[in-house]
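This is data01.txt. It holds compact mmCIF, C-alpha atoms.
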```
# COMPACT_ATOMS: atom_id res chain seq x y z
CA MET A 1 0.00 0.00 0.00
CA LYS A 2 3.06 2.27 -0.04
CA LEU A 3 2.11 4.07 -3.23
CA HIS A 4 -1.37 4.75 -1.98
CA ILE A 5 -0.09 6.10 1.27
CA LEU A 6 2.28 8.46 -0.51
CA GLY A 7 -0.47 9.43 -2.92
CA MET A 8 -2.68 10.24 0.00
CA SER A 9 -0.10 12.49 1.56
CA ALA A 10 -0.91 14.89 -1.23
CA GLY A 11 -4.60 14.24 -0.70
CA VAL A 12 -4.47 15.17 2.93
CA ALA A 13 -7.24 17.40 4.10
CA VAL A 14 -5.06 18.38 7.04
CA ALA A 15 -3.94 21.94 7.20
CA VAL A 16 -2.04 24.62 8.95
CA SER A 17 -0.87 28.11 9.69
CA LEU A 18 2.16 30.24 9.06
CA ALA A 19 0.64 33.64 9.39
CA GLY A 20 -1.89 33.18 12.18
CA GLY A 21 -0.96 34.86 15.41
CA ALA A 22 -1.32 32.69 18.48
CA ILE A 23 -3.83 34.02 20.95
CA SER A 24 -2.33 34.34 24.39
CA GLN A 25 -3.63 32.02 27.06
CA ALA A 26 -3.08 32.63 30.75
CA GLN A 27 -2.95 28.92 31.50
CA PRO A 28 -1.79 26.84 28.54
CA PRO A 29 -3.68 23.51 28.37
CA LYS A 30 -1.83 20.20 28.26
CA PRO A 31 -0.36 19.91 24.74
CA ALA A 32 -2.04 17.44 22.38
CA ALA A 33 1.35 16.64 20.81
CA THR A 34 4.03 14.76 22.76
CA PHE A 35 7.53 15.33 21.40
CA LEU A 36 10.12 12.71 22.29
CA PRO A 37 13.66 13.73 23.35
CA ASP A 38 15.01 12.60 19.95
CA GLY A 39 12.63 14.90 18.04
CA ARG A 40 10.21 12.18 17.04
CA MET A 41 6.51 12.39 17.94
CA ALA A 42 4.64 9.97 20.21
CA PHE A 43 1.62 8.38 18.52
CA PRO A 44 -1.50 10.29 19.62
CA SER A 45 -3.34 7.22 20.87
CA ASP A 46 -6.57 9.05 21.77
CA TYR A 47 -7.07 11.01 18.54
CA ARG A 48 -10.27 9.12 17.69
CA THR A 49 -11.96 10.98 20.56
CA TRP A 50 -10.81 14.37 19.21
CA VAL A 51 -13.08 16.50 17.03
CA TYR A 52 -13.77 15.10 13.58
CA LEU A 53 -13.41 17.62 10.76
CA SER A 54 -14.25 15.74 7.56
CA SER A 55 -13.55 12.80 5.29
CA GLY A 56 -12.68 12.41 1.64
CA MET A 57 -12.57 9.42 -0.65
CA ASP A 58 -9.79 8.88 -3.21
CA MET A 59 -8.79 12.55 -3.09
CA ALA A 60 -5.60 13.67 -4.85
CA TYR A 61 -4.18 17.11 -5.53
CA GLY A 62 -1.55 16.32 -8.20
CA GLU A 63 -2.10 17.38 -11.81
CA ASN A 64 -1.22 13.84 -12.94
CA ALA A 65 -3.52 12.03 -10.54
CA GLY A 66 -4.79 9.06 -12.53
CA PRO A 67 -7.53 6.63 -11.61
CA THR A 68 -7.01 4.50 -8.54
CA ASN A 69 -7.42 0.74 -8.25
CA ALA A 70 -7.83 0.47 -4.50
CA HIS A 71 -10.19 2.96 -2.92
CA VAL A 72 -9.33 4.74 0.31
CA PHE A 73 -10.98 7.12 2.74
CA ASP A 74 -9.21 9.89 4.63
CA ASN A 75 -10.50 11.17 7.98
CA VAL A 76 -9.22 14.30 9.72
CA PHE A 77 -9.37 15.05 13.44
CA VAL A 78 -8.19 18.08 15.44
CA ASP A 79 -7.49 18.28 19.16
CA ARG A 80 -10.36 19.63 21.24
CA VAL A 81 -8.53 22.70 22.57
CA ALA A 82 -7.58 23.86 19.08
CA TYR A 83 -11.12 23.21 17.82
CA ALA A 84 -12.68 25.32 20.60
CA HIS A 85 -10.17 28.09 19.86
CA PHE A 86 -10.98 28.04 16.13
CA GLU A 87 -14.71 28.02 16.79
CA LYS A 88 -14.34 31.31 18.67
CA SER A 89 -11.70 33.05 16.56
CA GLY A 90 -11.26 31.34 13.18
CA ARG A 91 -7.58 30.86 14.06
CA TRP A 92 -5.45 27.92 15.18
CA PRO A 93 -3.61 28.34 18.48
CA GLU A 94 0.01 27.38 19.14
CA GLY A 95 0.03 23.63 19.85
CA ALA A 96 -2.84 22.78 17.46
CA VAL A 97 -2.61 19.16 16.29
CA PHE A 98 -4.34 17.59 13.30
CA VAL A 99 -4.39 13.86 12.65
CA LEU A 100 -5.07 12.40 9.21
CA GLU A 101 -5.83 8.71 8.99
CA ILE A 102 -6.12 6.78 5.75
CA ARG A 103 -8.47 3.80 5.81
CA GLY A 104 -9.29 1.10 3.34
CA ALA A 105 -12.66 1.25 1.55
CA ALA A 106 -14.70 -1.91 1.05
CA ALA A 107 -17.73 -2.32 -1.20
CA GLU A 108 -18.71 -5.86 -0.26
CA GLY A 109 -19.47 -6.71 3.32
CA SER A 110 -22.48 -7.52 5.49
CA ILE A 111 -25.62 -6.20 3.80
CA ASN A 112 -24.03 -3.38 1.81
CA LYS A 113 -25.16 -3.30 -1.83
CA ARG A 114 -23.68 -0.06 -3.15
CA GLY A 115 -20.93 2.40 -2.35
CA HIS A 116 -18.14 1.95 0.17
CA PHE A 117 -17.56 1.76 3.91
CA GLN A 118 -14.36 2.15 5.92
CA THR A 119 -12.14 -0.71 7.01
CA ASN A 120 -8.65 -0.95 8.55
CA ARG A 121 -6.28 1.95 9.05
CA LEU A 122 -3.48 2.08 6.48
CA ALA A 123 -1.53 5.14 7.56
CA THR A 124 -1.51 8.02 10.03
CA GLU A 125 -0.02 11.49 9.66
CA LEU A 126 0.05 14.40 12.07
CA HIS A 127 0.34 18.13 11.58
CA VAL A 128 1.35 20.33 14.49
CA LYS A 129 1.67 24.07 15.02
CA ASP A 130 4.76 24.68 17.12
CA LYS A 131 7.28 27.51 17.17
CA ARG A 132 10.15 25.05 17.39
CA PHE A 133 9.77 24.57 13.62
CA LYS A 134 11.11 27.15 11.18
CA SER A 135 7.77 27.62 9.42
CA GLY A 136 5.84 27.32 12.67
CA TRP A 137 4.36 23.98 11.62
CA ALA A 138 5.52 20.43 10.86
CA PHE A 139 4.17 17.12 9.53
CA PHE A 140 4.96 13.71 11.02
CA ALA A 141 4.37 10.27 9.52
CA PHE A 142 3.74 7.17 11.64
CA ARG A 143 4.34 3.48 11.00
CA GLY A 144 1.66 1.71 12.94
CA GLU A 145 1.55 3.26 16.39
CA GLY A 146 5.30 3.76 16.71
CA PRO A 147 6.89 7.21 17.05
CA GLY A 148 6.37 9.62 14.14
CA ILE A 149 9.13 10.96 11.90
CA GLU A 150 9.17 14.62 10.87
CA PHE A 151 8.85 15.57 7.20
CA PRO A 152 11.46 18.06 5.98
CA GLN A 153 10.19 21.64 6.18
CA THR A 154 10.51 21.73 2.38
CA SER A 155 8.26 18.66 1.85
CA ASP A 156 5.45 18.64 -0.69
CA CYS A 157 2.97 18.59 2.20
CA ASN A 158 4.43 21.77 3.69
CA ALA A 159 4.69 23.54 0.33
CA CYS A 160 1.15 22.63 -0.77
CA HIS A 161 -0.46 23.59 2.53
CA GLU A 162 1.41 26.90 2.57
CA LYS A 163 0.37 27.68 -0.99
CA HIS A 164 -3.22 26.41 -1.07
CA GLY A 165 -4.59 26.39 2.48
CA ALA A 166 -7.72 28.55 2.60
CA SER A 167 -7.13 29.90 6.07
CA ASP A 168 -3.83 30.32 7.80
CA THR A 169 -2.41 27.64 5.44
CA THR A 170 -5.10 25.21 6.64
CA PHE A 171 -7.35 23.40 4.13
CA VAL A 172 -10.57 24.63 5.69
CA GLN A 173 -11.99 24.73 2.16
CA PHE A 174 -12.45 20.96 2.69
CA TYR A 175 -13.90 21.23 6.23
CA PRO A 176 -17.54 22.20 5.73
CA THR A 177 -18.20 23.16 9.36
CA LEU A 178 -15.06 25.33 9.63
CA LEU A 179 -15.27 27.27 6.37
CA PRO A 180 -18.17 29.52 7.50
CA ILE A 181 -16.37 30.19 10.80
CA ALA A 182 -13.22 31.37 9.02
CA ARG A 183 -15.35 33.46 6.67
CA ALA A 184 -17.24 35.10 9.54
CA ASN A 185 -13.99 35.87 11.35
CA GLY A 186 -12.28 37.26 8.25
CA THR A 187 -9.50 34.68 8.47
CA LEU A 188 -9.67 33.35 4.92
CA ASP A 189 -6.46 34.11 3.03
CA THR A 190 -6.69 36.66 0.24
CA THR A 191 -5.05 34.16 -2.14
CA TYR A 192 -7.80 31.63 -1.44
CA LEU A 193 -10.54 34.26 -1.75
CA ALA A 194 -9.16 35.26 -5.16
CA THR A 195 -9.38 31.66 -6.46
CA GLU A 196 -12.85 31.33 -4.97
CA ASN A 197 -14.00 34.51 -6.71
CA ALA A 198 -12.43 33.37 -9.99
CA ALA A 199 -14.31 30.05 -9.79
CA VAL A 200 -17.64 31.81 -9.27
CA LYS A 201 -17.32 33.91 -12.45
CA MET B 1 -33.20 15.51 -2.19
CA LYS B 2 -36.04 13.57 -0.60
CA LEU B 3 -35.30 10.35 -2.40
CA HIS B 4 -31.68 10.48 -1.42
CA ILE B 5 -32.56 11.10 2.17
CA LEU B 6 -34.91 8.14 2.23
CA GLY B 7 -32.41 6.02 0.37
CA MET B 8 -29.83 6.91 2.94
CA SER B 9 -32.04 5.88 5.77
CA ALA B 10 -31.43 2.35 4.64
CA GLY B 11 -27.76 3.10 4.21
CA VAL B 12 -27.37 4.37 7.71
CA ALA B 13 -24.40 3.08 9.58
CA VAL B 14 -26.20 3.94 12.78
CA ALA B 15 -27.18 1.06 14.95
CA VAL B 16 -28.80 -0.16 18.04
CA SER B 17 -29.77 -2.59 20.72
CA LEU B 18 -32.75 -4.60 21.76
CA ALA B 19 -31.04 -7.31 23.71
CA GLY B 20 -28.23 -5.46 25.46
CA GLY B 21 -28.71 -5.10 29.17
CA ALA B 22 -28.15 -1.60 30.48
CA ILE B 23 -25.32 -1.38 32.94
CA SER B 24 -26.41 0.26 36.16
CA GLN B 25 -24.94 3.66 36.92
CA ALA B 26 -25.01 5.19 40.37
CA GLN B 27 -25.17 8.73 38.99
CA PRO B 28 -26.72 8.88 35.52
CA PRO B 29 -24.95 11.49 33.33
CA LYS B 30 -26.89 14.28 31.64
CA PRO B 31 -28.78 12.66 28.73
CA ALA B 32 -27.46 13.36 25.23
CA ALA B 33 -31.03 13.29 23.89
CA THR B 34 -33.53 16.02 24.77
CA PHE B 35 -37.15 14.91 24.38
CA LEU B 36 -39.71 17.70 23.97
CA PRO B 37 -43.06 17.55 25.82
CA ASP B 38 -44.83 16.65 22.54
CA GLY B 39 -42.61 13.61 21.97
CA ARG B 40 -40.43 15.23 19.37
CA MET B 41 -36.66 15.43 19.80
CA ALA B 42 -34.61 18.63 20.10
CA PHE B 43 -31.88 18.91 17.47
CA PRO B 44 -28.58 17.81 19.08
CA SER B 45 -26.70 21.00 18.20
CA ASP B 46 -23.33 19.88 19.58
CA TYR B 47 -23.14 16.44 17.94
CA ARG B 48 -20.14 17.42 15.80
CA THR B 49 -18.06 17.41 19.01
CA TRP B 50 -19.24 13.89 19.90
CA VAL B 51 -17.17 10.81 19.02
CA TYR B 52 -16.93 10.05 15.31
CA LEU B 53 -17.52 6.39 14.41
CA SER B 54 -17.13 6.16 10.64
CA SER B 55 -18.20 7.39 7.22
CA GLY B 56 -19.51 5.72 4.11
CA MET B 57 -19.99 6.95 0.57
CA ASP B 58 -23.07 6.09 -1.52
CA MET B 59 -23.93 3.12 0.72
CA ALA B 60 -27.26 1.35 0.27
CA TYR B 61 -28.62 -1.84 1.75
CA GLY B 62 -31.55 -2.55 -0.54
CA GLU B 63 -31.42 -5.43 -3.01
CA ASN B 64 -32.56 -3.10 -5.78
CA ALA B 65 -30.04 -0.36 -5.10
CA GLY B 66 -29.13 0.97 -8.51
CA PRO B 67 -26.40 3.41 -9.46
CA THR B 68 -26.61 6.89 -8.02
CA ASN B 69 -26.34 10.17 -9.89
CA ALA B 70 -25.52 12.45 -6.97
CA HIS B 71 -22.87 11.18 -4.58
CA VAL B 72 -23.27 11.49 -0.83
CA PHE B 73 -21.26 10.80 2.29
CA ASP B 74 -22.70 9.60 5.59
CA ASN B 75 -20.97 10.35 8.91
CA VAL B 76 -21.94 8.73 12.22
CA PHE B 77 -21.32 10.17 15.68
CA VAL B 78 -22.14 8.79 19.13
CA ASP B 79 -22.41 10.71 22.40
CA ARG B 80 -19.27 10.63 24.53
CA VAL B 81 -20.82 8.88 27.54
CA ALA B 82 -22.11 6.02 25.41
CA TYR B 83 -18.78 5.73 23.60
CA ALA B 84 -16.83 5.45 26.87
CA HIS B 85 -19.31 2.82 28.07
CA PHE B 86 -18.95 0.77 24.88
CA GLU B 87 -15.16 1.03 24.98
CA LYS B 88 -15.19 -0.65 28.39
CA SER B 89 -17.98 -3.18 27.89
CA GLY B 90 -18.90 -3.61 24.21
CA ARG B 91 -22.46 -2.59 25.13
CA TRP B 92 -24.54 0.54 24.68
CA PRO B 93 -25.96 2.08 27.84
CA GLU B 94 -29.51 3.37 28.28
CA GLY B 95 -29.58 6.87 26.81
CA ALA B 96 -27.05 6.17 24.04
CA VAL B 97 -27.53 8.54 21.10
CA PHE B 98 -26.23 8.14 17.55
CA VAL B 99 -26.39 10.89 14.96
CA LEU B 100 -26.18 10.19 11.25
CA GLU B 101 -25.57 13.10 8.95
CA ILE B 102 -25.73 12.92 5.17
CA ARG B 103 -23.52 15.35 3.29
CA GLY B 104 -23.07 16.20 -0.33
CA ALA B 105 -19.94 14.96 -2.13
CA ALA B 106 -18.08 17.26 -4.52
CA ALA B 107 -15.36 16.25 -6.95
CA GLU B 108 -14.40 19.67 -8.25
CA GLY B 109 -13.25 22.35 -5.85
CA SER B 110 -10.04 24.10 -4.87
CA ILE B 111 -7.06 21.96 -5.91
CA ASN B 112 -8.78 18.58 -5.81
CA LYS B 113 -8.09 16.45 -8.89
CA ARG B 114 -9.60 13.08 -8.02
CA GLY B 115 -12.14 11.56 -5.67
CA HIS B 116 -14.63 13.44 -3.53
CA PHE B 117 -14.77 15.67 -0.47
CA GLN B 118 -17.70 16.57 1.79
CA THR B 119 -19.88 19.64 1.36
CA ASN B 120 -23.16 20.82 2.90
CA ARG B 121 -25.36 18.77 5.20
CA LEU B 122 -28.44 17.32 3.48
CA ALA B 123 -30.14 15.45 6.30
CA THR B 124 -29.75 14.42 9.92
CA GLU B 125 -31.14 11.37 11.70
CA LEU B 126 -30.85 10.27 15.30
CA HIS B 127 -31.04 6.89 17.00
CA VAL B 128 -31.62 6.71 20.72
CA LYS B 129 -31.74 3.89 23.25
CA ASP B 130 -34.55 4.65 25.68
CA LYS B 131 -36.94 2.42 27.59
CA ARG B 132 -39.88 4.68 26.73
CA PHE B 133 -39.95 2.98 23.31
CA LYS B 134 -41.45 -0.48 22.88
CA SER B 135 -38.33 -1.94 21.29
CA GLY B 136 -36.04 0.02 23.58
CA TRP B 137 -34.82 2.19 20.69
CA ALA B 138 -36.18 4.76 18.26
CA PHE B 139 -35.13 6.74 15.18
CA PHE B 140 -35.85 10.43 14.62
CA ALA B 141 -35.57 12.45 11.41
CA PHE B 142 -34.83 16.20 11.39
CA ARG B 143 -35.62 18.91 8.89
CA GLY B 144 -32.80 21.38 9.19
CA GLU B 145 -32.22 22.00 12.89
CA GLY B 146 -35.88 21.89 13.88
CA PRO B 147 -37.31 19.25 16.23
CA GLY B 148 -37.05 15.62 15.09
CA ILE B 149 -39.98 13.36 14.31
CA GLU B 150 -40.04 9.74 15.49
CA PHE B 151 -40.11 6.92 12.95
CA PRO B 152 -42.75 4.25 13.62
CA GLN B 153 -41.34 1.33 15.62
CA THR B 154 -42.09 -0.83 12.55
CA SER B 155 -40.05 1.36 10.17
CA ASP B 156 -37.55 -0.12 7.73
CA CYS B 157 -34.75 1.43 9.81
CA ASN B 158 -35.91 -0.34 12.95
CA ALA B 159 -36.48 -3.67 11.19
CA CYS B 160 -33.14 -3.64 9.37
CA HIS B 161 -31.12 -2.68 12.43
CA GLU B 162 -32.83 -5.33 14.53
CA LYS B 163 -32.19 -8.00 11.90
CA HIS B 164 -28.70 -7.11 10.70
CA GLY B 165 -26.91 -5.18 13.46
CA ALA B 166 -23.72 -7.03 14.37
CA SER B 167 -23.83 -6.22 18.04
CA ASP B 168 -26.88 -5.47 20.10
CA THR B 169 -28.67 -4.52 16.83
CA THR B 170 -25.95 -1.92 16.19
CA PHE B 171 -24.10 -1.88 12.85
CA VAL B 172 -20.67 -2.15 14.44
CA GLN B 173 -19.67 -4.22 11.41
CA PHE B 174 -19.29 -0.81 9.71
CA TYR B 175 -17.43 0.86 12.60
CA PRO B 176 -13.84 -0.35 12.30
CA THR B 177 -12.73 0.83 15.75
CA LEU B 178 -15.73 -0.71 17.54
CA LEU B 179 -15.84 -4.14 15.89
CA PRO B 180 -12.73 -5.47 17.73
CA ILE B 181 -14.12 -4.14 21.03
CA ALA B 182 -17.41 -6.01 20.58
CA ARG B 183 -15.51 -9.13 19.55
CA ALA B 184 -13.23 -8.97 22.61
CA ASN B 185 -16.23 -8.48 24.89
CA GLY B 186 -18.23 -11.30 23.31
CA THR B 187 -21.05 -8.94 22.39
CA LEU B 188 -21.33 -9.81 18.70
CA ASP B 189 -24.71 -11.37 17.95
CA THR B 190 -24.73 -15.05 17.02
CA THR B 191 -26.71 -14.22 13.87
CA TYR B 192 -24.01 -11.83 12.74
CA LEU B 193 -21.23 -14.28 13.59
CA ALA B 194 -22.96 -16.94 11.50
CA THR B 195 -23.03 -14.69 8.42
CA GLU B 196 -19.40 -13.70 9.06
CA ASN B 197 -18.36 -17.35 9.25
CA ALA B 198 -20.33 -18.15 6.10
CA ALA B 199 -18.55 -15.35 4.23
CA VAL B 200 -15.12 -16.64 5.26
CA LYS B 201 -15.71 -20.13 3.85
```

As structure tokens, please, write out the structure in this file.
Amino acid sequence: MKLHILGMSAGVAVAVSLAGGAISQAQPPKPAATFLPDGRMAFPSDYRTWVYLSSGMDMAYGENAGPTNAHVFDNVFVDRVAYAHFEKSGRWPEGAVFVLEIRGAAAEGSINKRGHFQTNRLATELHVKDKRFKSGWAFFAFRGEGPGIEFPQTSDCNACHEKHGASDTTFVQFYPTLLPIARANGTLDTTYLATENAAVK
Amino acid sequence: MKLHILGMSAGVAVAVSLAGGAISQAQPPKPAATFLPDGRMAFPSDYRTWVYLSSGMDMAYGENAGPTNAHVFDNVFVDRVAYAHFEKSGRWPEGAVFVLEIRGAAAEGSINKRGHFQTNRLATELHVKDKRFKSGWAFFAFRGEGPGIEFPQTSDCNACHEKHGASDTTFVQFYPTLLPIARANGTLDTTYLATENAAVK
């Protein structure tokens, strides 16, 4: 499944912020991300109880994305503190953590007669907002539930999120409950708004 | 969208219990469901912060399910108290509430080149475990965020969940993180296990 996993990295609906100013908090909550002494990231074992943002199926962002043989779903979760912060302000706070999981998609099973449902987890990636990184954000990839390895700051994930994220380099254009919040708070990037306006014409 | 909404009722990944014994609780938590004096159900406005169970795309259970023109996603959430209870016991407690939302699926938007992502909400249904109902469970359908109307206890939803739910009449066969919990706790129905064994042969 390696190719699919790599393909999905581009299809991530996870997102992020370079420009967004962190809102000060008198008492910082316990961080959702746990960095290990060697720079790796502990697997966020409780992410399935975080706030769900959205799912896609077979998404890909590359110009040369061809058809796919094996179908996959992607699910995106964000930690509860960051979600509450965004709900109020349309901005991600320092320490915000997003988890993307890729799951298999099955058509045949039980009484299902059409479409697809989700099966086993194939890959997990994490996106964290932390000042320790040059851009203010970093991606980590996990093998199973072992520690996560950081992507280079120049990775395709970083570059694409920085260029195309609708708000604060986050892909809120793919999160239907967050997009109106960013719009109401005036936190949609001008670059994104320009493409949105161009599409409407 | 009425046909799609009805079609999706059958495709619901929501589920339920007739047989499961409620585990006694010294101090019952605040109910996730709010019944109105007239028997209708208040819209559960905070369900997007509940625990996400899974999503499907274009699922249908009927034998005559043909191809679909407009694609849809379904997302299922369960209240946090019920989720914690199931995690420990493989059983749903009295008061458990599931919310199914149907969302549109778009292929073209932003930088997406393949597959589909979720858009606006088209319909919301709720499934609640409560002794006030003859079977111990009931479904409610909402129009927008107005009060929900109860399905008859003999509805297709009720009948299908009672007949095909893998655990306690719940469709945990479509919830990849719950299926192993039910299996470990021995709470998978014998009827479901028989069909699973038949499929393996």

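Computed from the coordinates, the atom CA of Phe139 of chain B to atom CA of Phe35 of chain B distance equals 12.5 Å.
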
Would you mind listing, as a short mmCIF file (atom, residue, chain, number, x, y, z; two decimals) with C-alpha atoms, keeping the file's coordinate frame, all residues of chain A that have at least one atom within 6 Å of chain B, where all atoms listed in the file are what counts?
```cif
data_model
loop_
_atom_site.label_atom_id
_atom_site.label_comp_id
_atom_site.auth_asym_id
_atom_site.auth_seq_id
_atom_site.Cartn_x
_atom_site.Cartn_y
_atom_site.Cartn_z
CA THR A 49 -11.96 10.98 20.56
CA VAL A 51 -13.08 16.50 17.03
CA GLY A 56 -12.68 12.41 1.64
CA MET A 57 -12.57 9.42 -0.65
CA ASP A 58 -9.79 8.88 -3.21
CA MET A 59 -8.79 12.55 -3.09
CA ALA A 60 -5.60 13.67 -4.85
CA TYR A 61 -4.18 17.11 -5.53
CA ILE A 111 -25.62 -6.20 3.80
CA ASN A 112 -24.03 -3.38 1.81
CA LYS A 113 -25.16 -3.30 -1.83
CA ARG A 114 -23.68 -0.06 -3.15
CA GLY A 115 -20.93 2.40 -2.35
CA HIS A 116 -18.14 1.95 0.17
CA PHE A 117 -17.56 1.76 3.91
CA THR A 119 -12.14 -0.71 7.01
CA PRO A 176 -17.54 22.20 5.73
#
```

task: Would you kindly return, as a ChimeraX atom specification, each protein, DNA or RNA residue with an atom no farther than 8 Å from any atom of Ala123 of chain A, considering only C-alpha atoms and excluding same-chain residues fewer than 5 positions away?
output: /A:5,101-103,142-144

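Residue nearest Ile181 of chain B within the list B:Ala70, B:Leu100, B:Ala138, B:Phe86: B:Phe86 [criterion: smallest interatomic distance, all atoms listed in the file].
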
field: Coordinates-based distance that separates atom CA of Ser135 of chain A from atom CA of Leu193 of chain A (Å, one decimal)
entry: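 Computing the Euclidean distance for atom CA of Leu193 of chain A and atom CA of Ser135 of chain A yields 22.5 Å.
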
field: Distance criterion (only C-alpha atoms): nearest to Asp79 of chain A out of A:Lys134, A:Lys129, A:Arg183, A:His161
entry: A:Lys129

message: Need the shell around Ala141 of chain B: protein/DNA/RNA residues with any atom at most 12 Å away, counting only C-alpha atoms. Skip same-chain ones fewer than 3 positions apart. Format as a PyMOL selection string?
response: chain B and resi 5-6+8-9+40-44+98-102+122-128+138+144-152+157

field: atom CA of Ser167 of chain B to atom CA of Asp189 of chain B, distance in Å rounded to a single decimal
entry: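 The value is 5.2 Å.
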